[in-house]
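Dropping start08.pdb in here (PDB, C-alpha atoms):
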ATOM      1  CA  MET A   1     -15.856   4.837  -5.547
ATOM      2  CA  SER A   2     -15.455   8.345  -4.155
ATOM      3  CA  ASP A   3     -16.379  11.505  -6.036
ATOM      4  CA  ARG A   4     -12.728  12.360  -6.663
ATOM      5  CA  SER A   5     -11.497  12.011 -10.235
ATOM      6  CA  ILE A   6     -10.057   8.679 -11.294
ATOM      7  CA  CYS A   7      -6.392   8.424 -10.422
ATOM      8  CA  ARG A   8      -4.054   6.909 -13.021
ATOM      9  CA  LEU A   9      -0.491   5.674 -12.627
ATOM     10  CA  LYS A  10       1.711   5.344 -15.729
ATOM     11  CA  LEU A  11       5.138   3.763 -16.145
ATOM     12  CA  SER A  12       6.866   3.742 -19.512
ATOM     13  CA  ASP A  13      10.137   3.277 -21.337
ATOM     14  CA  ALA A  14      11.063   3.360 -25.003
ATOM     15  CA  GLU A  15       9.341   0.028 -25.689
ATOM     16  CA  GLN A  16       6.368  -0.477 -23.387
ATOM     17  CA  LYS A  17       3.901   1.161 -21.011
ATOM     18  CA  LEU A  18       2.202   0.035 -17.815
ATOM     19  CA  GLU A  19      -0.958   1.694 -16.488
ATOM     20  CA  ALA A  20      -3.116   1.327 -13.383
ATOM     21  CA  ASP A  21      -6.291   3.134 -12.336
ATOM     22  CA  SER A  22      -8.067   3.828  -9.052
ATOM     23  CA  GLY A  23      -9.343   0.672  -7.419
ATOM     24  CA  GLU A  24      -6.576  -1.550  -8.780
ATOM     25  CA  LEU A  25      -4.162  -3.679  -6.781
ATOM     26  CA  ILE A  26      -0.861  -4.181  -8.564
ATOM     27  CA  LEU A  27       1.265  -7.117  -7.438
ATOM     28  CA  LEU A  28       5.033  -6.801  -7.906
ATOM     29  CA  THR A  29       6.665 -10.223  -8.140
ATOM     30  CA  GLY A  30      10.198 -11.418  -8.814
ATOM     31  CA  ASP A  31      13.087 -13.235  -7.206
ATOM     32  CA  VAL A  32      14.394 -12.137  -3.818
ATOM     33  CA  GLY A  33      16.783  -9.231  -4.377
ATOM     34  CA  CYS A  34      15.529  -8.417  -7.888
ATOM     35  CA  GLY A  35      14.583  -4.837  -7.017
ATOM     36  CA  LYS A  36      10.914  -4.908  -5.970
ATOM     37  CA  SER A  37      11.580  -2.593  -3.011
ATOM     38  CA  VAL A  38      13.597  -0.298  -5.273
ATOM     39  CA  TRP A  39      10.592   0.021  -7.561
ATOM     40  CA  LEU A  40       8.335   0.922  -4.625
ATOM     41  CA  LYS A  41      10.759   3.658  -3.560
ATOM     42  CA  ARG A  42      10.887   4.842  -7.157
ATOM     43  CA  LEU A  43       7.076   5.055  -7.278
ATOM     44  CA  ALA A  44       7.193   7.006  -4.021
ATOM     45  CA  GLY A  45       9.620   9.495  -5.559
ATOM     46  CA  MET A  46      12.327   8.609  -3.040
ATOM     47  CA  ILE A  47      14.949   7.651  -5.639
ATOM     48  CA  ALA A  48      15.535   8.729  -9.219
ATOM     49  CA  ASN A  49      14.358   6.807 -12.263
ATOM     50  CA  PRO A  50      16.838   5.215 -14.638
ATOM     51  CA  GLU A  51      17.332   7.040 -17.939
ATOM     52  CA  MET A  52      14.484   6.387 -20.402
ATOM     53  CA  ILE A  53      12.036   5.284 -17.669
ATOM     54  CA  HIS A  54       9.195   7.690 -16.892
ATOM     55  CA  ILE A  55       6.702   7.502 -14.005
ATOM     56  CA  SER A  56       3.707   9.821 -13.763
ATOM     57  CA  MET A  57       0.319  10.237 -12.133
ATOM     58  CA  ASN A  58      -2.514  12.406 -13.409
ATOM     59  CA  GLU A  59      -2.749  14.118 -10.016
ATOM     60  CA  SER A  60      -0.533  17.208  -9.904
ATOM     61  CA  LYS A  61       0.501  16.511  -6.309
ATOM     62  CA  PRO A  62      -0.541  12.922  -5.571
ATOM     63  CA  LYS A  63      -0.847  11.779  -1.966
ATOM     64  CA  ILE A  64       1.397   8.756  -1.528
ATOM     65  CA  ARG A  65       1.717   6.539   1.531
ATOM     66  CA  MET A  66       4.190   3.668   1.971
ATOM     67  CA  LEU A  67       4.576   0.783   4.409
ATOM     68  CA  PHE A  68       8.216  -0.275   4.547
ATOM     69  CA  ASP A  69       9.454  -3.833   5.015
ATOM     70  CA  ARG A  70      10.448  -3.257   8.617
ATOM     71  CA  TRP A  71       9.632  -5.127  11.787
ATOM     72  CA  PRO A  72       8.903  -3.974  14.379
ATOM     73  CA  CYS A  73       7.092  -1.021  12.848
ATOM     74  CA  LEU A  74       8.438   2.474  13.316
ATOM     75  CA  TRP A  75       5.596   4.340  14.994
ATOM     76  CA  LEU A  76       5.116   8.088  14.593
ATOM     77  CA  GLY A  77       2.691   8.520  17.508
ATOM     78  CA  GLN A  78       2.807   7.516  21.164
ATOM     79  CA  THR A  79      -0.772   6.214  21.120
ATOM     80  CA  ILE A  80      -2.978   4.516  18.560
ATOM     81  CA  GLU A  81      -4.990   7.732  18.220
ATOM     82  CA  GLU A  82      -1.855   9.779  17.521
ATOM     83  CA  GLU A  83      -0.749   7.215  14.944
ATOM     84  CA  LEU A  84      -4.078   7.384  13.139
ATOM     85  CA  ILE A  85      -4.205  11.184  12.918
ATOM     86  CA  PHE A  86      -0.493  11.873  12.325
ATOM     87  CA  GLY A  87      -0.107  14.206   9.344
ATOM     88  CA  LEU A  88      -3.826  14.644   8.697
ATOM     89  CA  LYS A  89      -4.894  18.168   7.757
ATOM     90  CA  GLU A  90      -8.583  17.610   8.482
ATOM     91  CA  HIS A  91     -10.094  16.948  11.904
ATOM     92  CA  VAL A  92     -11.223  13.380  12.494
ATOM     93  CA  SER A  93     -13.676  12.715  15.318
ATOM     94  CA  THR A  94     -13.183  10.052  17.952
ATOM     95  CA  ALA A  95     -16.176   8.205  16.512
ATOM     96  CA  GLN A  96     -14.588   8.191  13.045
ATOM     97  CA  LEU A  97     -11.349   6.851  14.464
ATOM     98  CA  ALA A  98     -13.193   4.097  16.298
ATOM     99  CA  ASP A  99     -15.112   3.217  13.119
ATOM    100  CA  THR A 100     -11.845   3.044  11.184
ATOM    101  CA  LEU A 101     -10.339   0.656  13.718
ATOM    102  CA  LEU A 102     -13.467  -1.479  13.575
ATOM    103  CA  ALA A 103     -13.397  -1.547   9.764
ATOM    104  CA  TRP A 104      -9.851  -2.894   9.827
ATOM    105  CA  GLY A 105     -10.522  -5.585  12.413
ATOM    106  CA  LEU A 106      -9.093  -3.608  15.321
ATOM    107  CA  GLY A 107     -12.299  -2.795  17.186
ATOM    108  CA  ASP A 108     -10.942  -4.235  20.435
ATOM    109  CA  LEU A 109      -8.079  -1.702  20.583
ATOM    110  CA  HIS A 110      -8.270   1.485  22.647
ATOM    111  CA  LEU A 111      -7.265   4.796  21.121
ATOM    112  CA  CYS A 112      -5.158   5.601  24.175
ATOM    113  CA  SER A 113      -3.164   2.347  23.965
ATOM    114  CA  GLU A 114       0.469   2.308  22.865
ATOM    115  CA  PRO A 115       1.069   0.834  19.402
ATOM    116  CA  HIS A 116       4.332  -0.800  20.515
ATOM    117  CA  ALA A 117       2.410  -3.674  22.137
ATOM    118  CA  LEU A 118       0.698  -4.733  18.890
ATOM    119  CA  ASN A 119       1.529  -7.967  17.116
ATOM    120  CA  ARG A 120       2.618  -8.135  13.477
ATOM    121  CA  LEU A 121      -0.890  -8.419  11.994
ATOM    122  CA  GLN A 122      -2.348  -5.691  14.222
ATOM    123  CA  SER A 123       0.574  -3.414  13.339
ATOM    124  CA  ILE A 124       0.040  -3.822   9.606
ATOM    125  CA  ARG A 125      -3.696  -3.260   9.937
ATOM    126  CA  LEU A 126      -3.160  -0.136  12.056
ATOM    127  CA  ALA A 127      -0.614   1.241   9.596
ATOM    128  CA  PHE A 128      -3.009   0.637   6.717
ATOM    129  CA  ALA A 129      -5.922   2.180   8.631
ATOM    130  CA  ALA A 130      -3.839   5.310   9.209
ATOM    131  CA  MET A 131      -2.934   5.469   5.524
ATOM    132  CA  THR A 132      -6.548   5.175   4.409
ATOM    133  CA  LEU A 133      -7.599   8.086   6.626
ATOM    134  CA  ALA A 134      -5.268  10.288   4.579
ATOM    135  CA  LYS A 135      -7.276   9.407   1.433
ATOM    136  CA  PRO A 136      -4.151   8.767  -0.644
ATOM    137  CA  ASP A 137      -3.940   8.366  -4.392
ATOM    138  CA  LEU A 138      -1.275   5.674  -4.142
ATOM    139  CA  ILE A 139      -0.425   3.193  -1.376
ATOM    140  CA  LEU A 140       2.807   1.200  -1.544
ATOM    141  CA  LEU A 141       3.209  -1.935   0.577
ATOM    142  CA  ASP A 142       6.561  -3.685   0.908
ATOM    143  CA  ASN A 143       6.269  -7.373   1.825
ATOM    144  CA  PRO A 144       3.270  -6.790   4.129
ATOM    145  CA  SER A 145       2.347 -10.467   4.599
ATOM    146  CA  ALA A 146       5.828 -11.608   5.627
ATOM    147  CA  ALA A 147       5.777 -13.628   8.876
ATOM    148  CA  LEU A 148       1.968 -13.937   8.798
ATOM    149  CA  SER A 149       0.221 -17.288   8.649
ATOM    150  CA  GLU A 150      -1.430 -18.119   5.337
ATOM    151  CA  ASP A 151      -4.912 -17.525   6.791
ATOM    152  CA  MET A 152      -3.904 -14.153   8.240
ATOM    153  CA  ALA A 153      -2.301 -13.107   4.967
ATOM    154  CA  MET A 154      -5.323 -14.109   2.896
ATOM    155  CA  ASN A 155      -7.709 -12.271   5.243
ATOM    156  CA  LEU A 156      -5.530  -9.152   5.075
ATOM    157  CA  SER A 157      -5.338  -9.180   1.270
ATOM    158  CA  SER A 158      -9.088  -9.787   1.021
ATOM    159  CA  ASP A 159      -9.892  -6.854   3.338
ATOM    160  CA  ILE A 160      -7.616  -4.529   1.377
ATOM    161  CA  ALA A 161      -9.176  -5.642  -1.917
ATOM    162  CA  SER A 162     -12.682  -5.055  -0.539
ATOM    163  CA  TRP A 163     -11.722  -1.554   0.590
ATOM    164  CA  LEU A 164     -10.182  -0.843  -2.822
ATOM    165  CA  HIS A 165     -13.467  -1.501  -4.620
ATOM    166  CA  GLN A 166     -14.926   1.631  -3.026
ATOM    167  CA  SER A 167     -11.797   3.772  -2.850
ATOM    168  CA  ASN A 168     -10.078   6.147  -5.217
ATOM    169  CA  THR A 169      -6.680   4.659  -4.503
ATOM    170  CA  ILE A 170      -4.170   2.472  -6.320
ATOM    171  CA  VAL A 171      -2.349  -0.096  -4.162
ATOM    172  CA  VAL A 172       0.992  -1.586  -5.226
ATOM    173  CA  VAL A 173       2.183  -4.589  -3.230
ATOM    174  CA  ALA A 174       5.708  -5.973  -3.474
ATOM    175  CA  SER A 175       5.766  -9.473  -2.049
ATOM    176  CA  ASN A 176       8.072 -12.466  -1.952
ATOM    177  CA  ARG A 177       4.970 -14.491  -1.004
ATOM    178  CA  TRP A 178       3.068 -13.440  -4.101
ATOM    179  CA  HIS A 179       0.489 -16.242  -3.705
ATOM    180  CA  ASP A 180      -0.919 -14.277  -0.710
ATOM    181  CA  TRP A 181      -2.021 -11.559  -3.152
ATOM    182  CA  ARG A 182      -2.509 -13.292  -6.493
ATOM    183  CA  SER A 183      -6.257 -13.854  -6.072
ATOM    184  CA  VAL A 184      -6.986 -10.161  -5.397
ATOM    185  CA  ALA A 185      -4.480  -8.530  -7.756
ATOM    186  CA  THR A 186      -5.885  -6.832 -10.849
ATOM    187  CA  GLN A 187      -2.454  -6.805 -12.487
ATOM    188  CA  ARG A 188       0.848  -8.569 -11.916
ATOM    189  CA  TRP A 189       4.097  -6.815 -12.810
ATOM    190  CA  ASN A 190       7.193  -9.022 -12.658
ATOM    191  CA  VAL A 191      10.504  -7.360 -11.761
ATOM    192  CA  SER A 192      13.690  -8.868 -13.188
ATOM    193  CA  THR A 193      16.030  -5.960 -12.463
ATOM    194  CA  PRO A 194      15.669  -2.559 -10.768
ATOM    195  CA  ASN A 195      16.858  -0.838 -13.939
ATOM    196  CA  ALA A 196      14.268  -2.192 -16.377
ATOM    197  CA  LEU A 197      10.511  -1.665 -16.501
ATOM    198  CA  PRO A 198       8.593  -4.561 -14.898
ATOM    199  CA  GLU A 199       6.954  -7.007 -17.278
ATOM    200  CA  LEU A 200       3.157  -7.328 -17.354
ATOM    201  CA  ILE A 201       2.205 -10.956 -16.616
ATOM    202  CA  ASN A 202      -1.145 -11.943 -18.067
ATOM    203  CA  ASN A 203      -1.849 -15.023 -15.930
TER     204      ASN A 203
END

Whole structure given in structure tokens:
Amino acid sequence: MSDRSICRLKLSDAEQKLEADSGELILLTGDVGCGKSVWLKRLAGMIANPEMIHISMNESKPKIRMLFDRWPCLWLGQTIEEELIFGLKEHVSTAQLADTLLAWGLGDLHLCSEPHALNRLQSIRLAFAAMTLAKPDLILLDNPSAALSEDMAMNLSSDIASWLHQSNTIVVVASNRWHDWRSVATQRWNVSTPNALPELINN
């Protein structure tokens, strides 16, 4: 865990409250079309909350990063290096960038390579590596294991969970293939409708 203060995410309505702290992975489940992606956008502050639903974080200006359910990925940089450093306010050395790629299973990629040639798994790992360099308080992942084999999906979820144990970040994953993430999730919130607070599932 970093030396930053513990980050806390709170969702509430008139009847119940959901909370998550740094180092937790929240799994959003529910039927296809139930509103999981809507809830991610709501957590990102991209759309308004329904009346009576309140979302807050204890950080005054939390850093939030989101991976959208889009394939192929929409890249912000022309090279892998540009993608990794896009939007960062602090300088990151070439050695740090190489170490980050290695940590996310991308050690065979060159910083000068174009990200457009990456496969689905490499693209997700690169996007997540770039997000982690920003040291966010909240990471939102929309259907990240879609189109991955079961082994690839399980390895990805395991790597993210391992990183979370030493981070100061909360990760929320919305997934139609919730079994890819069930073993690493600290909480499961089931979405029945985009206009009602998700339900905490205890199993």

Report task. List the neighbours of stretch 167-177 of chain A out to 6 Å using all atoms listed in the file; skip same-chain residues closer than 3 positions along the sequence, and give me the result as a ChimeraX atom specification. Result -> /A:1-2,22-28,36,137-143,164,180

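Pairwise distance (atom CA of A:Ala20, atom CA of A:Thr100) equals 26.1 Å.
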
Requested in this report: Name every residue that the PyMOL selection byres ((chain A and resi 97) around 9) selects in this structure, writing the answer as a VMD selection string with chains first and numbers rising.
Outcome: chain A and resid 81 84 to 85 92 to 96 98 to 102 111 133

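Residue nearest A:Arg70 within the list A:Arg120, A:Arg188, A:His179, A:His165: A:Arg120 [criterion: smallest interatomic distance, only C-alpha atoms].
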
Requested in this report: Can you work out the spacing between atom CA of A:Leu43 and atom CA of A:Asn155 in Å, to one decimal?
Outcome: 26.0 Å

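If you look at atom CA of A:Ala146 and atom CA of A:Ile124, they are 10.5 Å away from each other.
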
Requested in this report: Can you turn the PyMOL selection byres ((chain A and resi 190) around 8) into a concrete residue list for this file, as number ranges by chain?
Outcome: A: 28-30, 188-189, 191-192, 198-201

Atoms to include: C-alpha atoms. Write the selected residues as a CSV table (one decimal), in the coordinates of the input.
chain,number,residue,atom,x,y,z
A,28,LEU,CA,5.0,-6.8,-7.9
A,29,THR,CA,6.7,-10.2,-8.1
A,30,GLY,CA,10.2,-11.4,-8.8
A,188,ARG,CA,0.8,-8.6,-11.9
A,189,TRP,CA,4.1,-6.8,-12.8
A,191,VAL,CA,10.5,-7.4,-11.8
A,192,SER,CA,13.7,-8.9,-13.2
A,198,PRO,CA,8.6,-4.6,-14.9
A,199,GLU,CA,7.0,-7.0,-17.3
A,200,LEU,CA,3.2,-7.3,-17.4
A,201,ILE,CA,2.2,-11.0,-16.6

Report summary line: Min atom-atom distance to A:Glu15 from the set A:Ala196, A:Asn202, A:Asp159, A:Ile64, counting only C-alpha atoms, belongs to A:Ala196

Centre, edges in Å (one decimal): axis-aligned box, stretch 187-203 of chain A, 6 Å padding on all six sides, as lines of an AutoDock Vina configuration file:
center_x = 7.2
center_y = -7.9
center_z = -14.4
size_x = 31.3
size_y = 26.2
size_z = 19.3

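Applied to the file shown here, the PyMOL selection byres ((chain A and resi 11) around 6) selects the residues Lys10, Ser12, Lys17, Leu18, His54 and Ile55 of chain A.
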
Mind writing the picked residues with C-alpha atoms as an mmCIF file, in the coordinates of the input?
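Contents of out-v2.cif, freshly written:
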data_model
loop_
_atom_site.group_PDB
_atom_site.id
_atom_site.type_symbol
_atom_site.label_atom_id
_atom_site.label_comp_id
_atom_site.auth_asym_id
_atom_site.auth_seq_id
_atom_site.Cartn_x
_atom_site.Cartn_y
_atom_site.Cartn_z
ATOM 1 C CA LYS A 10 1.711 5.344 -15.729
ATOM 2 C CA SER A 12 6.866 3.742 -19.512
ATOM 3 C CA LYS A 17 3.901 1.161 -21.011
ATOM 4 C CA LEU A 18 2.202 0.035 -17.815
ATOM 5 C CA HIS A 54 9.195 7.690 -16.892
ATOM 6 C CA ILE A 55 6.702 7.502 -14.005
#

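Of the listed residues (A:Met152, A:Leu88, A:Leu197, A:Met131), A:Leu197 comes nearest to A:Asp13; the distances count only C-alpha atoms.
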
Just stretch 125-152 of chain A from the block, N, CA and C atoms, as a PDB file, in the first residue's frame, could you?
ATOM      1  N   ARG A 125      -3.862  -4.827 -21.520  1.00  0.00           N
ATOM      2  CA  ARG A 125      -2.750  -4.707 -20.578  1.00  0.00           C
ATOM      3  C   ARG A 125      -2.036  -3.362 -20.730  1.00  0.00           C
ATOM      4  N   LEU A 126      -1.870  -2.896 -21.967  1.00  0.00           N
ATOM      5  CA  LEU A 126      -1.225  -1.599 -22.175  1.00  0.00           C
ATOM      6  C   LEU A 126      -2.099  -0.480 -21.620  1.00  0.00           C
ATOM      7  N   ALA A 127      -3.395  -0.549 -21.873  1.00  0.00           N
ATOM      8  CA  ALA A 127      -4.297   0.478 -21.351  1.00  0.00           C
ATOM      9  C   ALA A 127      -4.260   0.512 -19.831  1.00  0.00           C
ATOM     10  N   PHE A 128      -4.222  -0.665 -19.208  1.00  0.00           N
ATOM     11  CA  PHE A 128      -4.185  -0.711 -17.750  1.00  0.00           C
ATOM     12  C   PHE A 128      -2.840  -0.215 -17.231  1.00  0.00           C
ATOM     13  N   ALA A 129      -1.756  -0.563 -17.907  1.00  0.00           N
ATOM     14  CA  ALA A 129      -0.434  -0.074 -17.509  1.00  0.00           C
ATOM     15  C   ALA A 129      -0.399   1.453 -17.538  1.00  0.00           C
ATOM     16  N   ALA A 130      -0.970   2.044 -18.578  1.00  0.00           N
ATOM     17  CA  ALA A 130      -1.001   3.500 -18.685  1.00  0.00           C
ATOM     18  C   ALA A 130      -1.825   4.109 -17.553  1.00  0.00           C
ATOM     19  N   MET A 131      -2.933   3.463 -17.213  1.00  0.00           N
ATOM     20  CA  MET A 131      -3.765   3.975 -16.124  1.00  0.00           C
ATOM     21  C   MET A 131      -3.029   3.918 -14.795  1.00  0.00           C
ATOM     22  N   THR A 132      -2.303   2.843 -14.553  1.00  0.00           N
ATOM     23  CA  THR A 132      -1.617   2.711 -13.263  1.00  0.00           C
ATOM     24  C   THR A 132      -0.502   3.739 -13.096  1.00  0.00           C
ATOM     25  N   LEU A 133       0.121   4.154 -14.193  1.00  0.00           N
ATOM     26  CA  LEU A 133       1.165   5.174 -14.100  1.00  0.00           C
ATOM     27  C   LEU A 133       0.606   6.506 -13.606  1.00  0.00           C
ATOM     28  N   ALA A 134      -0.671   6.730 -13.828  1.00  0.00           N
ATOM     29  CA  ALA A 134      -1.307   7.975 -13.381  1.00  0.00           C
ATOM     30  C   ALA A 134      -1.628   7.956 -11.892  1.00  0.00           C
ATOM     31  N   LYS A 135      -1.429   6.806 -11.239  1.00  0.00           N
ATOM     32  CA  LYS A 135      -1.717   6.634  -9.812  1.00  0.00           C
ATOM     33  C   LYS A 135      -3.140   7.097  -9.476  1.00  0.00           C
ATOM     34  N   PRO A 136      -4.128   6.478 -10.112  1.00  0.00           N
ATOM     35  CA  PRO A 136      -5.510   6.926  -9.907  1.00  0.00           C
ATOM     36  C   PRO A 136      -6.079   6.448  -8.582  1.00  0.00           C
ATOM     37  N   ASP A 137      -7.153   7.104  -8.169  1.00  0.00           N
ATOM     38  CA  ASP A 137      -7.896   6.672  -6.993  1.00  0.00           C
ATOM     39  C   ASP A 137      -8.940   5.624  -7.365  1.00  0.00           C
ATOM     40  N   LEU A 138      -9.435   5.700  -8.595  1.00  0.00           N
ATOM     41  CA  LEU A 138     -10.500   4.820  -9.043  1.00  0.00           C
ATOM     42  C   LEU A 138     -10.266   4.435 -10.497  1.00  0.00           C
ATOM     43  N   ILE A 139     -10.299   3.136 -10.777  1.00  0.00           N
ATOM     44  CA  ILE A 139     -10.196   2.618 -12.140  1.00  0.00           C
ATOM     45  C   ILE A 139     -11.487   1.883 -12.463  1.00  0.00           C
ATOM     46  N   LEU A 140     -12.057   2.193 -13.623  1.00  0.00           N
ATOM     47  CA  LEU A 140     -13.317   1.604 -14.058  1.00  0.00           C
ATOM     48  C   LEU A 140     -13.078   0.822 -15.341  1.00  0.00           C
ATOM     49  N   LEU A 141     -13.437  -0.452 -15.333  1.00  0.00           N
ATOM     50  CA  LEU A 141     -13.181  -1.337 -16.470  1.00  0.00           C
ATOM     51  C   LEU A 141     -14.503  -1.897 -16.986  1.00  0.00           C
ATOM     52  N   ASP A 142     -14.800  -1.634 -18.251  1.00  0.00           N
ATOM     53  CA  ASP A 142     -16.056  -2.095 -18.831  1.00  0.00           C
ATOM     54  C   ASP A 142     -15.817  -3.322 -19.710  1.00  0.00           C
ATOM     55  N   ASN A 143     -16.244  -4.473 -19.208  1.00  0.00           N
ATOM     56  CA  ASN A 143     -16.188  -5.737 -19.949  1.00  0.00           C
ATOM     57  C   ASN A 143     -14.778  -6.040 -20.468  1.00  0.00           C
ATOM     58  N   PRO A 144     -13.755  -5.935 -19.621  1.00  0.00           N
ATOM     59  CA  PRO A 144     -12.378  -6.053 -20.118  1.00  0.00           C
ATOM     60  C   PRO A 144     -11.996  -7.444 -20.608  1.00  0.00           C
ATOM     61  N   SER A 145     -12.655  -8.492 -20.120  1.00  0.00           N
ATOM     62  CA  SER A 145     -12.264  -9.851 -20.520  1.00  0.00           C
ATOM     63  C   SER A 145     -13.065 -10.388 -21.691  1.00  0.00           C
ATOM     64  N   ALA A 146     -13.930  -9.560 -22.275  1.00  0.00           N
ATOM     65  CA  ALA A 146     -14.699 -10.001 -23.440  1.00  0.00           C
ATOM     66  C   ALA A 146     -13.750 -10.406 -24.570  1.00  0.00           C
ATOM     67  N   ALA A 147     -14.059 -11.496 -25.228  1.00  0.00           N
ATOM     68  CA  ALA A 147     -13.301 -12.019 -26.374  1.00  0.00           C
ATOM     69  C   ALA A 147     -11.952 -12.618 -25.989  1.00  0.00           C
ATOM     70  N   LEU A 148     -11.635 -12.704 -24.704  1.00  0.00           N
ATOM     71  CA  LEU A 148     -10.415 -13.371 -24.262  1.00  0.00           C
ATOM     72  C   LEU A 148     -10.731 -14.823 -23.932  1.00  0.00           C
ATOM     73  N   SER A 149      -9.742 -15.690 -24.098  1.00  0.00           N
ATOM     74  CA  SER A 149      -9.923 -17.071 -23.656  1.00  0.00           C
ATOM     75  C   SER A 149     -10.039 -17.087 -22.134  1.00  0.00           C
ATOM     76  N   GLU A 150     -10.545 -18.177 -21.586  1.00  0.00           N
ATOM     77  CA  GLU A 150     -10.698 -18.263 -20.139  1.00  0.00           C
ATOM     78  C   GLU A 150      -9.360 -18.129 -19.426  1.00  0.00           C
ATOM     79  N   ASP A 151      -8.313 -18.773 -19.956  1.00  0.00           N
ATOM     80  CA  ASP A 151      -6.986 -18.686 -19.341  1.00  0.00           C
ATOM     81  C   ASP A 151      -6.459 -17.255 -19.364  1.00  0.00           C
ATOM     82  N   MET A 152      -6.607 -16.583 -20.505  1.00  0.00           N
ATOM     83  CA  MET A 152      -6.153 -15.195 -20.610  1.00  0.00           C
ATOM     84  C   MET A 152      -6.895 -14.302 -19.626  1.00  0.00           C
TER      85      MET A 152
END
